[in-house]
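Heads up: the structure comes next, in structure tokens.
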Amino acid sequence: MQGFRKEGILKDGTRVILRPMVREDRDKLIDFFSRVADEDRQFLRNNVRDPKVIETWVNNIDYHKVFPLLAEVDDKIIGDATLHMRRSGWKRHLGNVRVVVAKEYQRRGLGTLLINEIAELATEFGLEKLVSEIYFNAPGALAAFKRAGFGVKAVFEDLVKDQYGNNADMIVMVCDVEARRDRLRARALANL
Amino acid sequence: MLSGRPTTGGMKLALISDVHANLEALQAVLQALARENVDLILHLGDLVGYNANPRECIDLILEHQILCVLGNHDRAVLDPRLAEDFNILAYQAVIWSEQQLTEKHRVFLQQLPLNRIIQDRFLVCHGNPINPDAYISLHFQGKHALNMLRRDFRPATVCFFGHTHRRAVWYRDIRGKVAQLPISEEPIRLDQENLYLINPGSVGQPRNRIPFASYAIFDTSEFILQFKLVPYNINAAQRKILAANLPTYLAERLAEGV
């Protein structure tokens, strides 16, 4: 996947490069996650401040299992979206989406740009629906997923804990990939 | 007998779609069709994109006088700005394909129409009857396309389409009910009173988790449809994708039919 890239534009006109993660991204990822705010880091599964975690990721890239999409500006990673897939079983048509955006690029449309790209990729992997689990009190993330065509399907009250140990709600958002495409096309036509 | 011109009587049509520059798959299908004794081969769009032999596939299509319509990837190769809305894998394949084409191939793609009507009764398109980017996958999309067929393309009653890479038969009966027929490789006799949308699946990149090239045969006088699958040399197609430095996943997916 080395060398594959595409350009995207943020709300303020900033041009960003979108491309799959490659093995050579170790140092850039360590730098990126060192800049991710603590309040955002609490939602991540792994300790991304540990270089060994990053090394495990870049040394075990399997695009069939996890497709990691990076956003870059000036050779610096500013966002990371991942599409998690299963190749068999009852959830083989589902993809899970996770997104992290650097603090200074939040509220600029980068989250939506990354989620949109992941949603477009989903059909290439034979996925029908995308699922994302989001912290209730993360309005930026909720708005980004909503703009990208996801809808709230369930709220699990008091299910998760925030960084201070307080119980909090978790929201599950779902996107039907084919229906999303149709909605976006209708919206584009309406804007002509 | 095979000719590039539709006749006025009953015909045996071969429906192929979404070749996507997969030469091995196209050759396998054309070999199978040589035994079918068809009158006309229709390609429902997207000759190029994703796989590694865009030039060779267009040449083969020309050699066999296959009637084609324009697909969204064909259009994007002619104007890569249109591919900016494609996902990163499809986008890279369009950029690569654009660099492979000669003037002759570009001219061929440029003259492809968005749709064609055969014998007044059969509409040929890629996405839906008027838009190569639109999908017919969900119920409301099938209903919308059938309404379009009924309203804007009379007296056509059957629309052949592609784009989804999945076999499908949608119908609208005389009461207005819209539904899909189950897919099988047995001949399916269609009701001439109904309206139909028929997708033969993809030759070059099937997405029904069956890694065979897919096509269909339609008898216009008997209204009998039969889906067919044919194995092809996937390894050879994969090697070419890798040699062309196209995304590895585009090669891997062929073996899985996704």
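Every chain in the structure tokens has a letter given in the order shown (A, B, ...), and although residue numbers restart at 1 in each chain, ligands are simply numbered from 1 in the order shown.
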
Produce a table with one row for each residue of range 69-185 of chain A that has an atom at most 12 Å from any atom of range 18-31 of chain A, each row naming the nearest atom pair and its distance in Å at one decimal; use only C-alpha atoms; arrange rows by chain and rising residue number; format as JSON lines.
```
{"residue": "A:Leu69", "atom": "CA", "partner": "A:Pro20", "partner_atom": "CA", "distance": 4.4}
{"residue": "A:Leu70", "atom": "CA", "partner": "A:Arg19", "partner_atom": "CA", "distance": 5.4}
{"residue": "A:Ala71", "atom": "CA", "partner": "A:Leu18", "partner_atom": "CA", "distance": 4.6}
{"residue": "A:Glu72", "atom": "CA", "partner": "A:Leu18", "partner_atom": "CA", "distance": 6.5}
{"residue": "A:Val73", "atom": "CA", "partner": "A:Leu18", "partner_atom": "CA", "distance": 9.3}
{"residue": "A:Asp74", "atom": "CA", "partner": "A:Lys28", "partner_atom": "CA", "distance": 11.5}
{"residue": "A:Asp75", "atom": "CA", "partner": "A:Lys28", "partner_atom": "CA", "distance": 8.4}
{"residue": "A:Lys76", "atom": "CA", "partner": "A:Lys28", "partner_atom": "CA", "distance": 6.5}
{"residue": "A:Ile77", "atom": "CA", "partner": "A:Lys28", "partner_atom": "CA", "distance": 6.3}
{"residue": "A:Ile78", "atom": "CA", "partner": "A:Leu29", "partner_atom": "CA", "distance": 9.4}
{"residue": "A:Gly79", "atom": "CA", "partner": "A:Leu18", "partner_atom": "CA", "distance": 9.2}
{"residue": "A:Asp80", "atom": "CA", "partner": "A:Met21", "partner_atom": "CA", "distance": 8.8}
{"residue": "A:Ala81", "atom": "CA", "partner": "A:Pro20", "partner_atom": "CA", "distance": 9.5}
{"residue": "A:Thr82", "atom": "CA", "partner": "A:Pro20", "partner_atom": "CA", "distance": 9.5}
{"residue": "A:Leu83", "atom": "CA", "partner": "A:Pro20", "partner_atom": "CA", "distance": 11.0}
{"residue": "A:Val100", "atom": "CA", "partner": "A:Leu29", "partner_atom": "CA", "distance": 11.6}
{"residue": "A:Ala102", "atom": "CA", "partner": "A:Asp31", "partner_atom": "CA", "distance": 10.7}
{"residue": "A:Leu110", "atom": "CA", "partner": "A:Leu18", "partner_atom": "CA", "distance": 10.4}
{"residue": "A:Gly111", "atom": "CA", "partner": "A:Leu18", "partner_atom": "CA", "distance": 12.0}
{"residue": "A:Leu113", "atom": "CA", "partner": "A:Leu18", "partner_atom": "CA", "distance": 9.3}
{"residue": "A:Leu114", "atom": "CA", "partner": "A:Leu18", "partner_atom": "CA", "distance": 8.0}
{"residue": "A:Ile115", "atom": "CA", "partner": "A:Leu18", "partner_atom": "CA", "distance": 11.5}
{"residue": "A:Asn116", "atom": "CA", "partner": "A:Leu18", "partner_atom": "CA", "distance": 11.5}
{"residue": "A:Glu117", "atom": "CA", "partner": "A:Leu18", "partner_atom": "CA", "distance": 8.7}
{"residue": "A:Ile118", "atom": "CA", "partner": "A:Leu18", "partner_atom": "CA", "distance": 10.6}
{"residue": "A:Leu121", "atom": "CA", "partner": "A:Pro20", "partner_atom": "CA", "distance": 11.4}
```

Keeping only N, CA and C atoms, write the selected residues as a short mmCIF file (atom, residue, chain, number, x, y, z; two decimals), in the first residue's frame.
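The resulting selection07.cif:
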```
data_model
loop_
_atom_site.label_atom_id
_atom_site.label_comp_id
_atom_site.auth_asym_id
_atom_site.auth_seq_id
_atom_site.Cartn_x
_atom_site.Cartn_y
_atom_site.Cartn_z
N LEU A 69 -6.33 4.00 8.32
CA LEU A 69 -6.23 5.13 7.40
C LEU A 69 -5.70 6.34 8.16
N LEU A 70 -4.64 6.92 7.63
CA LEU A 70 -4.02 8.07 8.30
C LEU A 70 -4.29 9.35 7.51
N ALA A 71 -4.35 10.47 8.26
CA ALA A 71 -4.43 11.79 7.62
C ALA A 71 -3.14 12.53 7.98
N GLU A 72 -2.56 13.17 6.98
CA GLU A 72 -1.28 13.86 7.18
C GLU A 72 -1.34 15.29 6.65
N VAL A 73 -0.64 16.15 7.36
CA VAL A 73 -0.39 17.51 6.84
C VAL A 73 1.09 17.80 7.11
N ASP A 74 1.78 18.29 6.12
CA ASP A 74 3.21 18.61 6.25
C ASP A 74 4.00 17.44 6.85
N ASP A 75 3.71 16.25 6.35
CA ASP A 75 4.45 15.06 6.76
C ASP A 75 4.20 14.67 8.23
N LYS A 76 3.17 15.22 8.84
CA LYS A 76 2.84 14.91 10.23
C LYS A 76 1.46 14.27 10.29
N ILE A 77 1.32 13.19 11.03
CA ILE A 77 0.01 12.56 11.15
C ILE A 77 -0.90 13.42 12.02
N ILE A 78 -2.12 13.67 11.55
CA ILE A 78 -3.05 14.51 12.32
C ILE A 78 -4.34 13.76 12.65
N GLY A 79 -4.51 12.56 12.07
CA GLY A 79 -5.71 11.78 12.37
C GLY A 79 -5.51 10.32 11.98
N ASP A 80 -6.25 9.46 12.67
CA ASP A 80 -6.11 8.01 12.44
C ASP A 80 -7.50 7.39 12.55
N ALA A 81 -7.93 6.75 11.48
CA ALA A 81 -9.22 6.04 11.52
C ALA A 81 -8.97 4.58 11.19
N THR A 82 -9.63 3.69 11.90
CA THR A 82 -9.42 2.26 11.61
C THR A 82 -10.76 1.57 11.36
N LEU A 83 -10.71 0.66 10.40
CA LEU A 83 -11.89 -0.16 10.08
C LEU A 83 -11.56 -1.59 10.47
N VAL A 100 -9.41 8.78 15.77
CA VAL A 100 -8.71 9.70 16.68
C VAL A 100 -8.21 10.88 15.86
N ALA A 102 -6.10 14.67 16.11
CA ALA A 102 -5.25 15.53 16.93
C ALA A 102 -6.06 16.75 17.39
N LEU A 110 -12.09 17.09 10.01
CA LEU A 110 -11.20 15.96 9.72
C LEU A 110 -11.85 14.62 10.11
N GLY A 111 -12.53 14.60 11.25
CA GLY A 111 -13.20 13.36 11.67
C GLY A 111 -14.19 12.90 10.61
N LEU A 113 -14.24 13.67 7.45
CA LEU A 113 -13.50 13.28 6.24
C LEU A 113 -12.99 11.83 6.36
N LEU A 114 -12.42 11.51 7.51
CA LEU A 114 -11.88 10.15 7.72
C LEU A 114 -13.00 9.11 7.76
N ILE A 115 -14.09 9.44 8.45
CA ILE A 115 -15.20 8.46 8.55
C ILE A 115 -15.83 8.25 7.17
N ASN A 116 -15.97 9.34 6.42
CA ASN A 116 -16.52 9.20 5.06
C ASN A 116 -15.65 8.28 4.20
N GLU A 117 -14.35 8.45 4.31
CA GLU A 117 -13.44 7.63 3.50
C GLU A 117 -13.54 6.15 3.92
N ILE A 118 -13.62 5.93 5.22
CA ILE A 118 -13.77 4.56 5.73
C ILE A 118 -15.09 3.95 5.25
N LEU A 121 -14.80 2.93 1.76
CA LEU A 121 -13.98 1.71 1.65
C LEU A 121 -14.74 0.46 2.05
#
```

**Request:** Tell me, as a list of chain:residue names, which residues lie within 8 Å of Leu109 in chain B, counting only C-alpha atoms; anything in the same chain fewer than 5 positions away does not count.
**Result:** B:Leu70, B:Asp74, B:Arg75, B:Leu78

Please write the residues from the selection above to a file, keeping N, CA and C atoms, as a CSV table (one decimal), in the first residue's frame.
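selection_20.csv written:
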```csv
chain,number,residue,atom,x,y,z
B,70,LEU,N,-21.7,3.2,-20.7
B,70,LEU,CA,-20.7,3.8,-19.8
B,70,LEU,C,-20.9,3.5,-18.3
B,74,ASP,N,-15.4,3.9,-16.0
B,74,ASP,CA,-15.1,4.3,-17.4
B,74,ASP,C,-15.0,5.8,-17.5
B,75,ARG,N,-16.1,6.4,-16.9
B,75,ARG,CA,-16.2,7.9,-16.9
B,75,ARG,C,-15.1,8.5,-16.1
B,78,LEU,N,-11.8,8.7,-17.8
B,78,LEU,CA,-11.7,9.8,-18.8
B,78,LEU,C,-11.5,11.2,-18.1
```

Find the spatial neighbours of Val36 in chain A, counting only C-alpha atoms, within a cut-off of 8 Å - ignore same-chain residues fewer than 3 positions away - and output them as an mmCIF file with C-alpha atoms, in the first residue's frame.
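Heads up, here's the output in out-v6.cif:
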```cif
data_model
loop_
_atom_site.group_PDB
_atom_site.id
_atom_site.type_symbol
_atom_site.label_atom_id
_atom_site.label_comp_id
_atom_site.auth_asym_id
_atom_site.auth_seq_id
_atom_site.Cartn_x
_atom_site.Cartn_y
_atom_site.Cartn_z
ATOM 1 C CA PHE A 32 0.955 11.706 16.743
ATOM 2 C CA PHE A 33 -0.209 9.840 19.813
ATOM 3 C CA ASP A 40 -9.352 11.654 24.009
ATOM 4 C CA ARG A 41 -6.791 9.018 24.945
ATOM 5 C CA VAL A 100 -8.713 9.696 16.683
ATOM 6 C CA VAL A 101 -8.034 13.282 15.646
ATOM 7 C CA ALA A 102 -5.254 15.532 16.934
ATOM 8 C CA LYS A 103 -6.552 18.254 19.248
#
```

**Message:** Using only C-alpha atoms and a distance of at most 9 Å, pull out the residues of chain B that contact chain A, as a ChimeraX atom specification.
**Reply:** /B:84-92,133-135,137-138,141,207-209,245-250,253,257-258

**Message:** DSSP on the backbone: which residues in chain A end up as alpha helix (DSSP H)? Give the answer as a PyMOL selection string.
**Reply:** chain A and resi 26-35+38-41+51-59+110-122+139-147+177-190

**Separation of CA of Asp219 in chain B from CA of Asn199 in chain B, in Å and rounded to one decimal** = 14.9 Å

**Request:** Quote the spacing between CA of Val124 in chain B and CA of Arg187 in chain A in Å to one decimal place.
**Result:**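 Taking CA of Val124 in chain B as the start and CA of Arg187 in chain A as the end point, the length is 26.1 Å.
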
**Item:** Pairwise distance for CA of Ile224 in chain B and CA of Arg116 in chain B, rounded to one decimal in Å
**Value:** 20.8 Å

**Request:** Would you list the contacts of Asp152 in chain B as a PyMOL selection string, taking every protein, DNA or RNA residue within 12 Å and counting only C-alpha atoms, but skipping same-chain residues closer than 6 positions in sequence?
**Result:** chain B and resi 123+129-130+144-146

**Prompt:** Mind checking DSSP for range 4-186 of chain A and telling me the strand (DSSP E or B) residues as a PyMOL selection string?
**Reply:** chain A and resi 6-9+15-20+66-73+76-85+94-101+129-135+151-161+167-176

**Complete:** In terms of only C-alpha atoms, the residue from B:Gln99, B:Gln119, B:Ser202, B:Gln31 at minimal distance from Leu44 in chain B is B:Ser202

**Prompt:** Do you know which residues are at most 10 Å from Trp170 in chain B counting only C-alpha atoms, after dropping those on the same chain fewer than 6 positions away, and could you put them as a ChimeraX atom specification?
**Reply:** /B:136-137,139,142-143,145-146,158-159,178-182,194-199

**Spatial neighbours of Asn233 in chain B, 9 Å, only C-alpha atoms, chain gap at least 2 places, as a list in words** =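 That gives Glu24, Ala25, Ala28, Pro231, Asn235, Ala236, Ala237 and Gln238 of chain B.
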
**Message:** I need the residue nearest Pro155 in chain B from this list: B:Ile117, B:Ala243, B:Ile188, B:Val203. Use only C-alpha atoms for the distance.
**Reply:**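 The closest residue to Pro155 in chain B is B:Ile117.
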
**Item:** Counting only C-alpha atoms, the option among B:Ile95, B:Val230, B:Ile210, B:Val69 closest to Asn128 in chain B
**Value:** B:Val69
